[in-house]
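First up is the structure itself, then whatever we jot down about it.
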Amino acid sequence: MTALGKLLRTTAFKLTLVYLTVFALFAVFLLAYFAWNTRRLITEQITQTVDAEITGLAEQYRQGGIRRLVFVVDARSRRPGSSLYLVTTRAGEGLAGNVGSLATGILETSGWTETAYRRLDDPDGAEHHALVRVFQLSAGFRLLVGRDLEERERLRDIVLAAGRWSLAIVIVLGVAGGFFVTRRVLKRVDAMTETTRKIMDGDLAGRLPVAGTGDELDRLATNLNAMLERIEALMHGLKEVSDNIAHDLKTPLTRLRNRCEEALRLAEDESQYRAALESTIEESEALIRTFNALLMIARAESGQARDGMIDFDAAEIARGVGELYEPLADDKGIHLKVEAPAATPVHGNRELISQALANLVDNAIKYGAGMNGAEAEIVVTARGEGDRILLAVADSGRGIPQPDRGRAVERFVRLEQSRSQPGSGLGLSLASAVARLHGGELKLEDNNPGLKTVISLPRAGSVPSAA
Amino acid sequence: MRLLIIEDDRDAADYLVKAFREVGHVADLAVDGEEGLAHALDGQYDVLIVDRMLPKLDGLAVIGTLRSKGIETPALILSALGQVDDRVRGLRAGGDDYLPKPYSFSELLARTEALARRRGSREETVYRVGDLELDRLSHQVTRAGDEIVLQPREFRLLEYLMKHAGQVVTRTMLLENVWDYHFDPQTNVIDVHISRLRSKIDKGFAQALLHTVRGAGYMIRDSK
C-alpha cells in the first residue's frame, strides 16, 4: 500500500471527511438561511416603502388631480437615491418619472412585479432590475412606483461569493487539516507497528513509544508495554527454567557417567561391579526425583496447574502432613505438633500444596534441631486471616539469617550450613512457586529462635488472583 | 501369572517381557492399541499392562472398550504423564492402577502382583499372617493371643500390608493407599512409620513377620 493510500484509508481521515461534509452542509444551510431571510427583509422593506409612496401619491392625485400628481412625481424623481416613478397616460405615454423604458406589458399588470428597466437620464446605459407596483388611477392614468433591486442583487452576489469562498476554504482546510492530523496519528501507529514487528522478530526488550500526551494511543501503548513486560518476564522465566534444568541435571548426569566409567576401569570382581551398578541406580533415582521436582516447579510457575484447582480443607492437609512426618521428627528428638483446629477451606491445587507443605516440614526436620540443647519443636499451623489462609511451619533451629533469605528460595541453593544434608535444594523453590501460583507468597520469618515459613493462599470462594 | 503387555517402544517391551519371565511370570506382547485390544478380548490374562500412548488406539481407549464389553481384567497404566489429573483420568477410564514413567521394575512388579491378587480374593474380615491377626471390623490386632494397641494410622498401614501378605509393597504404594498422597516425601518418612509398626508387632517375638525387601519395599509374611 502506498503511503498516500495508507493515509486515505485511516479511520482518522475518513472521520475528517465525515466531519467536513457535515460542517460544510451546515455552513451552506446557515448561509442559505441567512441569505433567504435577509432577502425577504429587503423585499419587505421595499414593498413597505413603495406602498407608503403609492398611498401618498394616490392621495395627491385625489386632491390635486393629474397636474398635482405630475408635479409631485417630478419633484421626487429629481431627488437622489429616490424610488422609481412613472406616470403614464392610458396609451402608455410618459408624463412624469425617472423610468425610461420598461419590460413590455408591465403597465398592464397590477400588483407587484419584477421588471427590467432603464433610467430616463441614462437611456443607453445598463439595464437594471426593479420591483415595481402599478396602480391604475381613474381616467386611465397609470402610476408605477418601485425600487431598484440593486441592493438585493448585491446581497445575492455577496452571499454567493461568500458561499463559494467559504466552501472552498472549508474543504481545503478540512482536507489539509485532516491530512496533517492523520499523518501524525499514522506516524504514531506506524511507530507502534514497527516496534511490534521488531518484538515479534525476537527483540523482547522492545517497548512501544509513549508520546506523553496521555491520549488513548498513549494509554494503549502503556498497557501494551505492561503486557510486553509480563511476556518478557515469562519468557525469561521459561528460558531460566530450561537453562536450570539443563545445567542442574548435567552435574548429576556427569557424575553418573563418571562413576560408570570408573567402575569399568577399576572394578576387578563381580562384587565391585555390582556395587557400582547399584550406586548407579541410586544416582539415577535421585536424578529422576530432582527432575520431577523441577517439572513440578516449572508447572507451578507456568500457571499450568491452574485448571487443577479445587476447594479443599487446608487444615486437613496440615494434619495429614504433620502426622506423616511426626515419627521421623520424633526419631530426631524433635517434637512436632499441628495446630489446625478449625476448618480452613482453600481453593487451590491439592497435590502442589501438599508437596509444598511437606517440603517445608522436611526442611524443618532437617535443619530445625534445637539450639543449645533447647527443646526442639516444630509447629505446623493452618489458620485464616482475612480473605487468605496461612499455612505455616515454625521450627526452633538455627534459622536463616536475614540476608540469606532471598537466596535460599532459589533453585538448588544450599546454604553453607546445609551442604552436608541430603536433598536437592529445591524444597523452598517449589514452595515459593506454589505460593505464587495461588496468588500468595512464601515468607521466611524469624521464629526467635528458628525459622518460620509461611505460605498464604486464597480462601475457597474468593477469586484466586493471577500470580 | 499371565500378563499382557501393550507397549509400542520395542526396547521397553522386550525388557519387561524378559524381566517378568525371570520372576516366573508369562508375558505376551502387543505393539499397538488394536493388537492389544484383540489379545485382551481373546486371551485370559491376570493383569494387563498398558502404555498410555499407543499407535492406532491409545491405552485409555483400549481399557474403556474392554470395560464396556464387561471385561474386568485389572489394568495397570504406564505413562510419561505423571500429574495427579492424568492419574485420575486414567483411573476413571477404567484403569486400576497408574504408574508414571520412569519407573523401577520392582515397583511395577509389586503393583502388578497386587492387582493380580485382588482379582481373586473375596473381601475377608480377618487377616492372618502367622500368629498375627487383624480384625477389620473391630480394629483389634492380636499376636499370639495378646492384644497390640495401634494408632489408627498404624492400623491402616498394617491392614494394607496384610492385605498384600506375601507380596512386595513399595513405599509409593503405601503413600498412595494408606495416606492418599501423590507427592514425593523426599526423605524416608515411610521407613520410620514401618519401624514403629515393626517395634510394636515384631519386637519380643521370636519370628519377624515384617520384612524389608531391599531395593523394593516391604513385605509381611510368615517366614516358615
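Residue numbers start at 1 in each chain; chains themselves are named A, B, ... in the order of the C-alpha cells; ligands are numbered from 1 in the order shown.
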
inquiry  = Considering only helix (DSSP H, G or I) as DSSP defines it on the backbone, what residues of region 182-405 of chain A qualify? List them as a ChimeraX atom specification.
reply    = /A:182-200,216-266,270-302,304-308,314-331,350-367,371-373,402-405

May I have the residues of chain B within 12 Å of chain A, counting only C-alpha atoms, written as a CSV table (one decimal) with N, CA and C atoms, in the first residue's frame?
```csv
chain,number,residue,atom,x,y,z
B,80,ALA,N,4.0,-41.5,30.6
B,80,ALA,CA,5.0,-40.4,30.9
B,80,ALA,C,4.3,-39.2,31.6
B,81,LEU,N,3.0,-39.1,31.4
B,81,LEU,CA,2.3,-38.1,32.1
B,81,LEU,C,2.0,-38.5,33.5
B,82,GLY,N,2.7,-37.7,34.4
B,82,GLY,CA,2.6,-38.2,35.8
B,82,GLY,C,1.8,-37.3,36.8
B,83,GLN,N,1.1,-36.3,36.3
B,83,GLN,CA,0.4,-35.5,37.3
B,83,GLN,C,-0.8,-36.2,37.8
B,84,VAL,N,-1.3,-35.6,38.9
B,84,VAL,CA,-2.5,-36.2,39.6
B,84,VAL,C,-3.6,-36.3,38.6
B,85,ASP,N,-3.9,-35.2,37.9
B,85,ASP,CA,-5.0,-35.2,37.0
B,85,ASP,C,-4.9,-36.3,35.9
B,86,ASP,N,-3.7,-36.5,35.5
B,86,ASP,CA,-3.6,-37.6,34.5
B,86,ASP,C,-3.9,-38.9,35.1
B,87,ARG,N,-3.5,-39.1,36.3
B,87,ARG,CA,-3.8,-40.3,37.0
B,87,ARG,C,-5.3,-40.5,37.2
B,88,VAL,N,-5.9,-39.5,37.6
B,88,VAL,CA,-7.3,-39.5,37.8
B,88,VAL,C,-8.0,-39.9,36.6
B,100,PRO,N,3.6,-43.7,36.7
B,100,PRO,CA,4.3,-42.8,35.8
B,100,PRO,C,5.7,-43.3,35.4
B,101,LYS,N,6.1,-42.9,34.2
B,101,LYS,CA,7.5,-43.3,33.8
B,101,LYS,C,8.4,-42.1,34.2
B,102,PRO,N,9.6,-42.3,34.5
B,102,PRO,CA,10.3,-43.6,34.6
B,102,PRO,C,10.0,-44.4,35.9
B,103,TYR,N,9.9,-45.7,35.8
B,103,TYR,CA,9.5,-46.4,36.9
B,103,TYR,C,10.6,-47.5,37.1
B,104,SER,N,10.6,-48.0,38.3
B,104,SER,CA,11.6,-49.1,38.5
B,104,SER,C,10.8,-50.4,38.4
B,105,PHE,N,11.5,-51.4,37.9
B,105,PHE,CA,10.8,-52.7,37.6
B,105,PHE,C,10.2,-53.3,38.9
B,151,GLN,N,-2.0,-47.1,66.8
B,151,GLN,CA,-2.7,-45.8,66.4
B,151,GLN,C,-3.5,-46.1,65.1
B,152,PRO,N,-4.5,-45.3,64.8
B,152,PRO,CA,-5.3,-45.5,63.6
B,152,PRO,C,-4.4,-45.6,62.4
B,153,ARG,N,-3.4,-44.8,62.2
B,153,ARG,CA,-2.6,-44.8,61.0
B,153,ARG,C,-1.8,-46.1,61.0
B,154,GLU,N,-1.3,-46.5,62.1
B,154,GLU,CA,-0.5,-47.8,62.2
B,154,GLU,C,-1.4,-48.9,61.8
B,157,LEU,N,-1.8,-49.0,58.1
B,157,LEU,CA,-0.6,-49.5,57.5
B,157,LEU,C,-0.5,-51.0,57.6
B,174,LEU,N,2.4,-47.5,49.5
B,174,LEU,CA,1.9,-47.2,50.9
B,174,LEU,C,1.5,-45.7,51.0
B,175,LEU,N,2.3,-44.8,50.4
B,175,LEU,CA,2.0,-43.4,50.4
B,175,LEU,C,0.7,-43.2,49.7
B,176,GLU,N,0.4,-43.9,48.6
B,176,GLU,CA,-0.8,-43.6,47.9
B,176,GLU,C,-2.0,-44.2,48.6
B,178,VAL,N,-2.3,-45.8,51.8
B,178,VAL,CA,-2.5,-45.6,53.3
B,178,VAL,C,-2.7,-44.1,53.6
B,179,TRP,N,-1.9,-43.2,52.9
B,179,TRP,CA,-2.0,-41.8,53.2
B,179,TRP,C,-2.8,-41.0,52.2
B,180,ASP,N,-3.0,-41.6,51.0
B,180,ASP,CA,-3.7,-40.9,49.9
B,180,ASP,C,-2.9,-39.6,49.5
B,181,TYR,N,-1.6,-39.8,49.4
B,181,TYR,CA,-0.7,-38.7,48.9
B,181,TYR,C,-0.1,-39.1,47.6
B,182,HIS,N,0.1,-38.1,46.8
B,182,HIS,CA,0.7,-38.3,45.5
B,182,HIS,C,1.9,-37.4,45.3
B,183,PHE,N,2.7,-37.2,46.3
B,183,PHE,CA,3.9,-36.4,46.2
B,183,PHE,C,5.1,-37.2,46.7
B,184,ASP,N,6.2,-36.6,46.5
B,184,ASP,CA,7.4,-37.3,46.9
B,184,ASP,C,7.9,-36.7,48.2
B,185,PRO,N,7.9,-37.5,49.3
B,185,PRO,CA,8.2,-37.0,50.6
B,185,PRO,C,9.7,-36.7,50.8
B,186,GLN,N,10.5,-37.0,49.8
B,186,GLN,CA,11.9,-36.7,49.8
B,186,GLN,C,12.7,-37.5,50.8
B,187,THR,N,12.3,-37.6,52.0
B,187,THR,CA,13.1,-38.4,53.0
B,187,THR,C,12.3,-39.6,53.3
B,188,ASN,N,12.9,-40.5,54.1
B,188,ASN,CA,12.4,-41.8,54.3
B,188,ASN,C,11.3,-41.8,55.4
B,189,VAL,N,10.3,-41.0,55.3
B,189,VAL,CA,9.2,-40.9,56.3
B,189,VAL,C,8.5,-42.3,56.5
B,190,ILE,N,8.3,-42.9,55.3
B,190,ILE,CA,7.6,-44.2,55.4
B,190,ILE,C,8.4,-45.2,56.3
B,191,ASP,N,9.7,-45.2,56.1
B,191,ASP,CA,10.6,-46.1,56.8
B,191,ASP,C,10.4,-46.0,58.3
B,192,VAL,N,10.2,-44.8,58.7
B,192,VAL,CA,10.1,-44.6,60.2
B,192,VAL,C,8.8,-45.1,60.7
B,193,HIS,N,7.7,-44.9,59.9
B,193,HIS,CA,6.4,-45.5,60.3
B,193,HIS,C,6.5,-47.0,60.4
B,194,ILE,N,7.2,-47.6,59.4
B,194,ILE,CA,7.3,-49.0,59.3
B,194,ILE,C,8.1,-49.5,60.5
B,195,SER,N,9.2,-48.8,60.9
B,195,SER,CA,10.0,-49.3,62.0
B,195,SER,C,9.2,-49.2,63.3
B,196,ARG,N,8.3,-48.2,63.4
B,196,ARG,CA,7.5,-48.1,64.6
B,196,ARG,C,6.5,-49.2,64.7
B,197,LEU,N,5.9,-49.5,63.5
B,197,LEU,CA,5.0,-50.6,63.5
B,197,LEU,C,5.7,-51.9,63.8
B,214,ARG,N,15.0,-55.4,50.0
B,214,ARG,CA,16.0,-54.4,49.6
B,214,ARG,C,15.7,-53.9,48.2
B,215,GLY,N,15.7,-52.6,48.0
B,215,GLY,CA,15.5,-52.0,46.7
B,215,GLY,C,14.1,-52.0,46.2
```

message = Can you tell me which residues surround Val169 (chain B) at a distance of at most 8 Å, considering only C-alpha atoms, apart from same-chain residues fewer than 4 positions away, and format the answer as a list in words?
response = Ala110, Arg111, Leu161, His164, Met173, Leu174, Ala216, Gly217, Tyr218 and Met219 of chain B

Saved selection, atoms kept: C-alpha atoms, as a PDB file, in the first residue's frame:
```pdb
ATOM      1  CA  ALA B 110       4.889 -55.177  43.172  1.00  0.00           C
ATOM      2  CA  ARG B 111       1.890 -53.358  41.782  1.00  0.00           C
ATOM      3  CA  LEU B 161       0.472 -54.876  54.372  1.00  0.00           C
ATOM      4  CA  HIS B 164      -0.961 -57.964  50.363  1.00  0.00           C
ATOM      5  CA  MET B 173       2.112 -47.816  47.140  1.00  0.00           C
ATOM      6  CA  LEU B 174       1.938 -47.185  50.869  1.00  0.00           C
ATOM      7  CA  ALA B 216      11.794 -52.574  46.549  1.00  0.00           C
ATOM      8  CA  GLY B 217       9.845 -52.071  49.726  1.00  0.00           C
ATOM      9  CA  TYR B 218       8.325 -54.162  52.461  1.00  0.00           C
ATOM     10  CA  MET B 219       6.526 -57.410  52.859  1.00  0.00           C
TER      11      MET B 219
END
```

request  = Would you mind listing what lies within 10 Å of region 95-108 of chain A as a PyMOL selection string, with only C-alpha atoms counted and same-chain residues fewer than 5 positions away left out?
outcome  = chain A and resi 66-67+69-78+82-90+113-124+127-130+132-136+141-146

Please, could you write that set of residues out with N, CA and C atoms as a compact mmCIF listing (two decimals), in the first residue's frame?
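Result saved to out_5.txt:
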```
# COMPACT_ATOMS: atom_id res chain seq x y z
N ILE A 66 -54.38 65.12 -11.89
CA ILE A 66 -53.18 64.68 -12.60
C ILE A 66 -52.09 65.73 -12.56
N ARG A 67 -52.45 66.98 -12.60
CA ARG A 67 -51.44 68.04 -12.61
C ARG A 67 -50.64 68.00 -11.33
N LEU A 69 -50.29 65.46 -9.35
CA LEU A 69 -49.50 64.23 -9.33
C LEU A 69 -48.21 64.37 -10.09
N VAL A 70 -48.35 64.86 -11.29
CA VAL A 70 -47.16 65.04 -12.13
C VAL A 70 -46.15 65.93 -11.43
N PHE A 71 -46.64 67.00 -10.85
CA PHE A 71 -45.75 67.94 -10.17
C PHE A 71 -44.97 67.26 -9.06
N VAL A 72 -45.72 66.50 -8.25
CA VAL A 72 -45.07 65.83 -7.09
C VAL A 72 -44.08 64.78 -7.59
N VAL A 73 -44.52 64.00 -8.53
CA VAL A 73 -43.65 62.93 -9.04
C VAL A 73 -42.37 63.50 -9.61
N ASP A 74 -42.56 64.59 -10.36
CA ASP A 74 -41.39 65.26 -10.92
C ASP A 74 -40.36 65.60 -9.84
N ALA A 75 -40.91 66.26 -8.83
CA ALA A 75 -40.04 66.71 -7.74
C ALA A 75 -39.33 65.52 -7.10
N ARG A 76 -40.07 64.51 -6.85
CA ARG A 76 -39.49 63.34 -6.17
C ARG A 76 -38.46 62.66 -7.04
N SER A 77 -38.77 62.61 -8.33
CA SER A 77 -37.85 61.91 -9.23
C SER A 77 -36.46 62.52 -9.24
N ARG A 78 -36.44 63.82 -8.98
CA ARG A 78 -35.15 64.50 -9.06
C ARG A 78 -34.29 64.21 -7.85
N SER A 82 -33.72 58.12 -5.03
CA SER A 82 -35.17 58.03 -4.90
C SER A 82 -35.68 56.72 -5.47
N SER A 83 -36.93 56.51 -5.24
CA SER A 83 -37.56 55.35 -5.84
C SER A 83 -37.76 55.59 -7.32
N LEU A 84 -38.36 54.62 -7.91
CA LEU A 84 -38.69 54.78 -9.33
C LEU A 84 -40.13 55.23 -9.46
N TYR A 85 -40.29 56.18 -10.36
CA TYR A 85 -41.66 56.66 -10.56
C TYR A 85 -41.97 56.70 -12.05
N LEU A 86 -43.22 56.49 -12.34
CA LEU A 86 -43.65 56.67 -13.72
C LEU A 86 -45.16 56.91 -13.71
N VAL A 87 -45.50 57.96 -14.40
CA VAL A 87 -46.94 58.22 -14.57
C VAL A 87 -47.19 58.21 -16.06
N THR A 88 -48.12 57.42 -16.47
CA THR A 88 -48.41 57.38 -17.91
C THR A 88 -49.89 57.58 -18.16
N THR A 89 -50.10 57.93 -19.41
CA THR A 89 -51.50 58.02 -19.85
C THR A 89 -51.98 56.61 -20.13
N ARG A 90 -53.20 56.53 -20.46
CA ARG A 90 -53.76 55.23 -20.81
C ARG A 90 -52.99 54.60 -21.95
N THR A 113 -44.60 43.32 -9.42
CA THR A 113 -43.88 42.61 -10.47
C THR A 113 -42.42 43.01 -10.46
N GLU A 114 -41.63 42.09 -10.94
CA GLU A 114 -40.23 42.46 -11.13
C GLU A 114 -40.03 42.72 -12.60
N THR A 115 -39.25 43.73 -12.84
CA THR A 115 -39.05 44.08 -14.24
C THR A 115 -37.69 44.65 -14.48
N ALA A 116 -37.28 44.58 -15.75
CA ALA A 116 -36.04 45.26 -16.14
C ALA A 116 -36.41 46.66 -16.60
N TYR A 117 -35.51 47.58 -16.41
CA TYR A 117 -35.84 48.93 -16.83
C TYR A 117 -34.59 49.70 -17.16
N ARG A 118 -34.82 50.85 -17.77
CA ARG A 118 -33.70 51.77 -17.98
C ARG A 118 -34.10 53.13 -17.43
N ARG A 119 -33.11 53.81 -16.95
CA ARG A 119 -33.41 55.13 -16.39
C ARG A 119 -33.61 56.13 -17.51
N LEU A 120 -34.40 57.09 -17.18
CA LEU A 120 -34.71 58.15 -18.16
C LEU A 120 -33.45 58.93 -18.51
N ASP A 121 -32.62 59.18 -17.49
CA ASP A 121 -31.46 60.02 -17.76
C ASP A 121 -30.27 59.20 -18.24
N ASP A 122 -30.50 57.94 -18.48
CA ASP A 122 -29.38 57.11 -18.93
C ASP A 122 -29.94 56.07 -19.90
N PRO A 123 -30.43 56.51 -21.01
CA PRO A 123 -31.19 55.62 -21.89
C PRO A 123 -30.36 54.51 -22.53
N ASP A 124 -29.09 54.77 -22.69
CA ASP A 124 -28.27 53.71 -23.31
C ASP A 124 -27.46 52.92 -22.30
N GLU A 127 -29.07 47.84 -18.18
CA GLU A 127 -30.42 47.53 -17.72
C GLU A 127 -30.37 47.22 -16.23
N HIS A 128 -31.33 47.71 -15.52
CA HIS A 128 -31.38 47.38 -14.10
C HIS A 128 -32.63 46.56 -13.81
N HIS A 129 -32.69 46.09 -12.62
CA HIS A 129 -33.89 45.36 -12.20
C HIS A 129 -34.57 46.12 -11.09
N ALA A 130 -35.89 46.04 -11.10
CA ALA A 130 -36.63 46.72 -10.04
C ALA A 130 -37.86 45.94 -9.66
N VAL A 132 -41.58 46.64 -8.87
CA VAL A 132 -42.49 47.78 -9.06
C VAL A 132 -43.92 47.36 -8.76
N ARG A 133 -44.67 48.48 -8.52
CA ARG A 133 -46.11 48.26 -8.36
C ARG A 133 -46.85 49.24 -9.26
N VAL A 134 -47.78 48.65 -9.94
CA VAL A 134 -48.55 49.52 -10.86
C VAL A 134 -49.92 49.80 -10.27
N PHE A 135 -50.23 51.06 -10.26
CA PHE A 135 -51.51 51.49 -9.70
C PHE A 135 -52.35 52.11 -10.82
N GLN A 136 -53.52 51.54 -10.99
CA GLN A 136 -54.38 52.12 -12.06
C GLN A 136 -55.19 53.27 -11.44
N PHE A 141 -55.23 56.84 -16.18
CA PHE A 141 -53.81 57.11 -15.89
C PHE A 141 -53.23 55.95 -15.08
N ARG A 142 -51.96 55.80 -15.31
CA ARG A 142 -51.31 54.71 -14.54
C ARG A 142 -50.12 55.27 -13.77
N LEU A 143 -50.01 54.76 -12.55
CA LEU A 143 -48.91 55.19 -11.69
C LEU A 143 -48.07 53.96 -11.36
N LEU A 144 -46.78 54.10 -11.53
CA LEU A 144 -45.87 52.99 -11.22
C LEU A 144 -44.82 53.48 -10.24
N VAL A 145 -44.74 52.79 -9.17
CA VAL A 145 -43.70 53.11 -8.18
C VAL A 145 -42.91 51.83 -7.89
N GLY A 146 -41.60 52.02 -7.78
CA GLY A 146 -40.80 50.80 -7.49
C GLY A 146 -39.46 51.14 -6.89
```

ask   = What separation in Å, quoted to one decimal, exists between CA of Leu428 (chain A) and CA of Val409 (chain A)?
value = 5.0 Å

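Proximity to Gly348 (chain A) at 10 Å, evaluated using only C-alpha atoms and with sequence-adjacent residues fewer than 2 positions away removed, yields Ala305, Arg306, Asp307, Gly308, Met309, Ile310, Asp311, Phe312, Asp313, Ala314, Pro345, Val346, Arg350, Glu351, Leu352, Ile353, Val434, Ala435, Leu437, His438, Leu457, Pro458, Arg459, Ala460 and Pro464 of chain A.
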
key: Residues of region 79-216 of chain B in strand (DSSP E or B), written as a list in words   = Ser79, Asp97, Tyr98, Leu99, Pro100, Val126, Tyr127, Arg128, Val129, Leu132, Glu133, Leu134, Asp135, Gln140, Val141, Thr142, Arg143, Asp146, Glu147, Ile148, Val169, Thr170, Leu210, His211, Thr212 and Val213 of chain B

For the residues selected in the previous step, produce a file with C-alpha atoms as a short mmCIF file (atom, residue, chain, number, x, y, z; two decimals), in the first residue's frame.
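Output contents, as saved in result-v7.cif:
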```cif
data_model
loop_
_atom_site.label_atom_id
_atom_site.label_comp_id
_atom_site.auth_asym_id
_atom_site.auth_seq_id
_atom_site.Cartn_x
_atom_site.Cartn_y
_atom_site.Cartn_z
CA SER B 79 2.51 -43.20 31.24
CA ASP B 97 -3.51 -48.52 38.88
CA TYR B 98 -1.31 -45.87 37.33
CA LEU B 99 2.46 -45.78 37.23
CA PRO B 100 4.30 -42.78 35.79
CA VAL B 126 -9.89 -61.03 59.37
CA TYR B 127 -6.35 -61.08 58.04
CA ARG B 128 -3.95 -63.66 59.36
CA VAL B 129 -0.22 -63.95 58.92
CA LEU B 132 -0.68 -62.17 63.83
CA GLU B 133 -4.36 -61.42 63.49
CA LEU B 134 -6.08 -58.26 62.35
CA ASP B 135 -9.84 -57.86 62.63
CA GLN B 140 -8.37 -55.30 67.00
CA VAL B 141 -4.88 -56.60 66.46
CA THR B 142 -3.52 -59.58 68.33
CA ARG B 143 -0.40 -61.63 68.14
CA ASP B 146 -2.05 -60.81 73.13
CA GLU B 147 -3.65 -57.58 72.08
CA ILE B 148 -1.46 -54.97 70.41
CA VAL B 169 4.59 -53.41 48.89
CA THR B 170 6.55 -50.38 47.76
CA LEU B 210 7.54 -57.61 58.71
CA HIS B 211 10.44 -57.80 56.28
CA THR B 212 12.32 -55.19 54.33
CA VAL B 213 12.84 -56.14 50.69
#
```

note = Between CA of Ala315 (chain A) and CA of Thr344 (chain A) lies a distance of 5.6 Å

Nearest candidate to Asn37 (chain A) (options A:Arg152, A:Arg147, A:Arg207, A:Arg9; using only C-alpha atoms) = A:Arg152

key: Between CA of Glu375 (chain A) and CA of Pro401 (chain A), distance in Å (one decimal)   =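 Answer for the CA of Glu375 (chain A) to CA of Pro401 (chain A) separation: 20.8 Å.
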
message = Show me, as JSON, numbers by chain, the residues that have an atom within 8 Å of Val62 (chain B) when counting only C-alpha atoms, minus same-chain residues fewer than 6 positions from it.
response = {"B": [33, 34, 36, 37]}

Could those selected residues go to a file with N, CA and C atoms, as a PDB file, in the first residue's frame?
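As a result, again-v1.pdb now contains:
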```
ATOM      1  N   GLY B  33      -2.392 -50.397  19.991  1.00  0.00           N
ATOM      2  CA  GLY B  33      -3.664 -50.483  20.701  1.00  0.00           C
ATOM      3  C   GLY B  33      -4.620 -51.518  20.138  1.00  0.00           C
ATOM      4  N   GLU B  34      -4.697 -51.571  18.792  1.00  0.00           N
ATOM      5  CA  GLU B  34      -5.650 -52.518  18.197  1.00  0.00           C
ATOM      6  C   GLU B  34      -5.274 -53.953  18.493  1.00  0.00           C
ATOM      7  N   GLY B  36      -3.433 -54.970  20.904  1.00  0.00           N
ATOM      8  CA  GLY B  36      -3.628 -55.181  22.332  1.00  0.00           C
ATOM      9  C   GLY B  36      -5.069 -55.500  22.666  1.00  0.00           C
ATOM     10  N   LEU B  37      -5.970 -54.736  22.081  1.00  0.00           N
ATOM     11  CA  LEU B  37      -7.390 -54.952  22.351  1.00  0.00           C
ATOM     12  C   LEU B  37      -7.809 -56.353  21.913  1.00  0.00           C
TER      13      LEU B  37
END
```

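Excluding region 11-27 of chain A itself and any same-chain residue fewer than 3 positions from it, the protein and nucleic acid residues within 8 Å of it, counting only C-alpha atoms, are Leu7, Leu8, Leu30, Leu31, Leu167, Val170, Ile171, Gly174, Val175, Gly178, Phe179, Val181, Thr182 and Val185 of chain A.
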